[in-house]
Amino acid sequence: MSTVTLTWEEFLQEAIEFQKISERLGDIWALCKKDDEDGNTYLRYQQKIPNTIDSNSYADPLGQNQSPLEDDSATAAPSTKDLLQIEYHIVYSISYQVPVLYFRIYRSDGSLMNLEDAWRIFRGYVGNAGSAYATGHTTNEDMLNIMTQLDHPVLRRPYIAIHPCRTAELLAQAGLSRNRVLTFISLMGPFVQLVLKNEYGLEFADG
């Protein structure tokens, strides 16, 4: 099975290049450096998304028994202006030799959402992503295999992460890339509502 991995030096070079593209495009990706040790520099991005679950607390808490085709009049959540703040980190895994997407979700009151809440928010995105991770109807077991809680290797605190076990395979399926960090974010970001502007790809268009 074909795989694609990166050395730490390659990841750092391509992360710096990606952050410079972000600056040129007026985007807000930041390069965060803890120290000069291998693996201790990562990319950070923040955005807000609608809170689609807290106002739906009367429903099945993990969404296992609801069909997206059910009558909206029976299942529609009350309208809410509440937003969730998501902080994404693209971190290098020394053991897997690939980028890993870590994130935390904060409610408007500053409290952290747990792993099960993240499954509820992103289940549909994972199930319809159209990649090797997509399984159609996505169960809790599927979600745990894809999205789990891990200690952030730089910050040493629990974060939710997309498990890196299949990243090298997915990068290989994406074909030749001039910036594998950009390719990684393009592949994994949509699972957690992180979508890059089309202009990022145009930066590497031939001609």
# chains A, B, ... in the order shown; residues from 1 in each chain; ligands from 1

call {"tool": "closest_atom_pairs", "arguments": {"of": "region 96-172 of chain A", "to": "region 29-49 of chain A", "cutoff": "12 Å", "atoms": "only C-alpha atoms", "output": "JSON lines"}}
result
{"residue": "A:Tyr96", "atom": "CA", "partner": "A:Gly39", "partner_atom": "CA", "distance": 11.8}
{"residue": "A:Gln97", "atom": "CA", "partner": "A:Gly39", "partner_atom": "CA", "distance": 10.0}
{"residue": "A:Val98", "atom": "CA", "partner": "A:Gly39", "partner_atom": "CA", "distance": 10.8}
{"residue": "A:Pro99", "atom": "CA", "partner": "A:Tyr42", "partner_atom": "CA", "distance": 9.3}
{"residue": "A:Val100", "atom": "CA", "partner": "A:Tyr42", "partner_atom": "CA", "distance": 9.8}
{"residue": "A:Leu101", "atom": "CA", "partner": "A:Leu43", "partner_atom": "CA", "distance": 9.6}
{"residue": "A:Tyr102", "atom": "CA", "partner": "A:Arg44", "partner_atom": "CA", "distance": 9.5}
{"residue": "A:Phe103", "atom": "CA", "partner": "A:Arg44", "partner_atom": "CA", "distance": 9.3}
{"residue": "A:Arg104", "atom": "CA", "partner": "A:Gln46", "partner_atom": "CA", "distance": 9.8}
{"residue": "A:Ile105", "atom": "CA", "partner": "A:Lys48", "partner_atom": "CA", "distance": 9.3}
{"residue": "A:Tyr106", "atom": "CA", "partner": "A:Lys48", "partner_atom": "CA", "distance": 9.4}
{"residue": "A:Arg107", "atom": "CA", "partner": "A:Lys48", "partner_atom": "CA", "distance": 9.9}
{"residue": "A:Ser108", "atom": "CA", "partner": "A:Lys48", "partner_atom": "CA", "distance": 9.9}
{"residue": "A:Ile121", "atom": "CA", "partner": "A:Ile49", "partner_atom": "CA", "distance": 10.2}
{"residue": "A:Phe122", "atom": "CA", "partner": "A:Ile49", "partner_atom": "CA", "distance": 11.5}
{"residue": "A:His152", "atom": "CA", "partner": "A:Asn40", "partner_atom": "CA", "distance": 10.5}
{"residue": "A:Pro153", "atom": "CA", "partner": "A:Asn40", "partner_atom": "CA", "distance": 7.9}
{"residue": "A:Val154", "atom": "CA", "partner": "A:Asn40", "partner_atom": "CA", "distance": 5.5}
{"residue": "A:Leu155", "atom": "CA", "partner": "A:Lys34", "partner_atom": "CA", "distance": 8.6}
{"residue": "A:Arg156", "atom": "CA", "partner": "A:Asn40", "partner_atom": "CA", "distance": 11.1}

call {"tool": "closest_residue", "arguments": {"among": "A:Asn179, A:Leu144, A:Leu12, A:Asp117", "to": "Glu203 (chain A)", "atoms": "only C-alpha atoms"}}
result
A:Asn179

call {"tool": "closest_residue", "arguments": {"among": "A:Val91, A:Val181, A:Leu84, A:Leu194", "to": "Gln19 (chain A)", "atoms": "only C-alpha atoms"}}
result
A:Val181

call {"tool": "closest_residue", "arguments": {"among": "A:Gln85, A:Ser111, A:Thr52, A:Ser93", "to": "Cys165 (chain A)", "atoms": "only C-alpha atoms"}}
result
A:Ser93

call {"tool": "atom_distance", "arguments": {"atom1": "CA of Val126 (chain A)", "atom2": "CA of Leu187 (chain A)"}}
result
11.3 Å

call {"tool": "closest_residue", "arguments": {"among": "A:Glu116, A:Asp27, A:Asp109, A:Asp54", "to": "Lys197 (chain A)", "atoms": "only C-alpha atoms"}}
result
A:Asp27

call {"tool": "atom_distance", "arguments": {"atom1": "CA of Arg166 (chain A)", "atom2": "CA of Thr3 (chain A)"}}
result
9.0 Å

call {"tool": "select_by_dssp", "arguments": {"residues": "region 84-197 of chain A", "states": "helix (DSSP H, G or I)", "output": "PyMOL selection string"}}
result
chain A and resi 115-127+140-146+164-173+180-192

call {"tool": "atom_distance", "arguments": {"atom1": "CA of Ile16 (chain A)", "atom2": "CA of Gln149 (chain A)"}}
result
26.7 Å

call {"tool": "decode", "arguments": {"residues": "region 79-100 of chain A", "atoms": "N, CA and C atoms", "output": "PDB file, in the first residue's frame"}}
result
ATOM      1  N   SER A  79     -34.338  28.185  17.159  1.00  0.00           N
ATOM      2  CA  SER A  79     -33.351  29.096  16.587  1.00  0.00           C
ATOM      3  C   SER A  79     -32.465  29.644  17.697  1.00  0.00           C
ATOM      4  N   THR A  80     -31.178  29.814  17.374  1.00  0.00           N
ATOM      5  CA  THR A  80     -30.237  30.334  18.368  1.00  0.00           C
ATOM      6  C   THR A  80     -29.145  31.118  17.678  1.00  0.00           C
ATOM      7  N   LYS A  81     -28.673  32.159  18.333  1.00  0.00           N
ATOM      8  CA  LYS A  81     -27.559  32.942  17.813  1.00  0.00           C
ATOM      9  C   LYS A  81     -26.242  32.515  18.453  1.00  0.00           C
ATOM     10  N   ASP A  82     -26.286  31.475  19.271  1.00  0.00           N
ATOM     11  CA  ASP A  82     -25.094  31.011  19.962  1.00  0.00           C
ATOM     12  C   ASP A  82     -24.087  30.467  18.950  1.00  0.00           C
ATOM     13  N   LEU A  83     -22.831  30.847  19.128  1.00  0.00           N
ATOM     14  CA  LEU A  83     -21.767  30.377  18.248  1.00  0.00           C
ATOM     15  C   LEU A  83     -20.737  29.599  19.051  1.00  0.00           C
ATOM     16  N   LEU A  84     -20.100  28.656  18.370  1.00  0.00           N
ATOM     17  CA  LEU A  84     -19.009  27.893  18.950  1.00  0.00           C
ATOM     18  C   LEU A  84     -17.691  28.393  18.375  1.00  0.00           C
ATOM     19  N   GLN A  85     -16.694  28.534  19.231  1.00  0.00           N
ATOM     20  CA  GLN A  85     -15.352  28.918  18.796  1.00  0.00           C
ATOM     21  C   GLN A  85     -14.511  27.651  18.684  1.00  0.00           C
ATOM     22  N   ILE A  86     -13.947  27.417  17.503  1.00  0.00           N
ATOM     23  CA  ILE A  86     -13.080  26.251  17.309  1.00  0.00           C
ATOM     24  C   ILE A  86     -11.660  26.728  17.054  1.00  0.00           C
ATOM     25  N   GLU A  87     -10.726  26.148  17.779  1.00  0.00           N
ATOM     26  CA  GLU A  87      -9.305  26.414  17.554  1.00  0.00           C
ATOM     27  C   GLU A  87      -8.663  25.150  17.011  1.00  0.00           C
ATOM     28  N   TYR A  88      -8.136  25.252  15.787  1.00  0.00           N
ATOM     29  CA  TYR A  88      -7.509  24.114  15.106  1.00  0.00           C
ATOM     30  C   TYR A  88      -5.987  24.243  15.166  1.00  0.00           C
ATOM     31  N   HIS A  89      -5.315  23.133  15.376  1.00  0.00           N
ATOM     32  CA  HIS A  89      -3.856  23.086  15.337  1.00  0.00           C
ATOM     33  C   HIS A  89      -3.423  22.000  14.355  1.00  0.00           C
ATOM     34  N   ILE A  90      -2.469  22.323  13.493  1.00  0.00           N
ATOM     35  CA  ILE A  90      -1.856  21.332  12.615  1.00  0.00           C
ATOM     36  C   ILE A  90      -0.473  21.052  13.184  1.00  0.00           C
ATOM     37  N   VAL A  91      -0.311  19.851  13.739  1.00  0.00           N
ATOM     38  CA  VAL A  91       0.873  19.493  14.521  1.00  0.00           C
ATOM     39  C   VAL A  91       1.571  18.309  13.851  1.00  0.00           C
ATOM     40  N   TYR A  92       2.890  18.290  13.925  1.00  0.00           N
ATOM     41  CA  TYR A  92       3.646  17.176  13.348  1.00  0.00           C
ATOM     42  C   TYR A  92       3.708  16.007  14.317  1.00  0.00           C
ATOM     43  N   SER A  93       3.425  14.814  13.809  1.00  0.00           N
ATOM     44  CA  SER A  93       3.557  13.593  14.606  1.00  0.00           C
ATOM     45  C   SER A  93       4.903  12.953  14.299  1.00  0.00           C
ATOM     46  N   ILE A  94       5.777  12.912  15.303  1.00  0.00           N
ATOM     47  CA  ILE A  94       7.095  12.311  15.111  1.00  0.00           C
ATOM     48  C   ILE A  94       6.968  10.807  14.890  1.00  0.00           C
ATOM     49  N   SER A  95       6.027  10.160  15.572  1.00  0.00           N
ATOM     50  CA  SER A  95       5.887   8.703  15.446  1.00  0.00           C
ATOM     51  C   SER A  95       5.285   8.293  14.105  1.00  0.00           C
ATOM     52  N   TYR A  96       4.271   9.033  13.628  1.00  0.00           N
ATOM     53  CA  TYR A  96       3.626   8.694  12.350  1.00  0.00           C
ATOM     54  C   TYR A  96       4.273   9.405  11.162  1.00  0.00           C
ATOM     55  N   GLN A  97       5.031  10.461  11.410  1.00  0.00           N
ATOM     56  CA  GLN A  97       5.698  11.265  10.372  1.00  0.00           C
ATOM     57  C   GLN A  97       4.684  11.881   9.387  1.00  0.00           C
ATOM     58  N   VAL A  98       3.604  12.382   9.942  1.00  0.00           N
ATOM     59  CA  VAL A  98       2.569  13.063   9.157  1.00  0.00           C
ATOM     60  C   VAL A  98       2.011  14.221   9.990  1.00  0.00           C
ATOM     61  N   PRO A  99       1.326  15.170   9.356  1.00  0.00           N
ATOM     62  CA  PRO A  99       0.605  16.183  10.128  1.00  0.00           C
ATOM     63  C   PRO A  99      -0.602  15.552  10.823  1.00  0.00           C
ATOM     64  N   VAL A 100      -0.986  16.139  11.956  1.00  0.00           N
ATOM     65  CA  VAL A 100      -2.177  15.703  12.684  1.00  0.00           C
ATOM     66  C   VAL A 100      -3.018  16.940  12.996  1.00  0.00           C
TER      67      VAL A 100
END
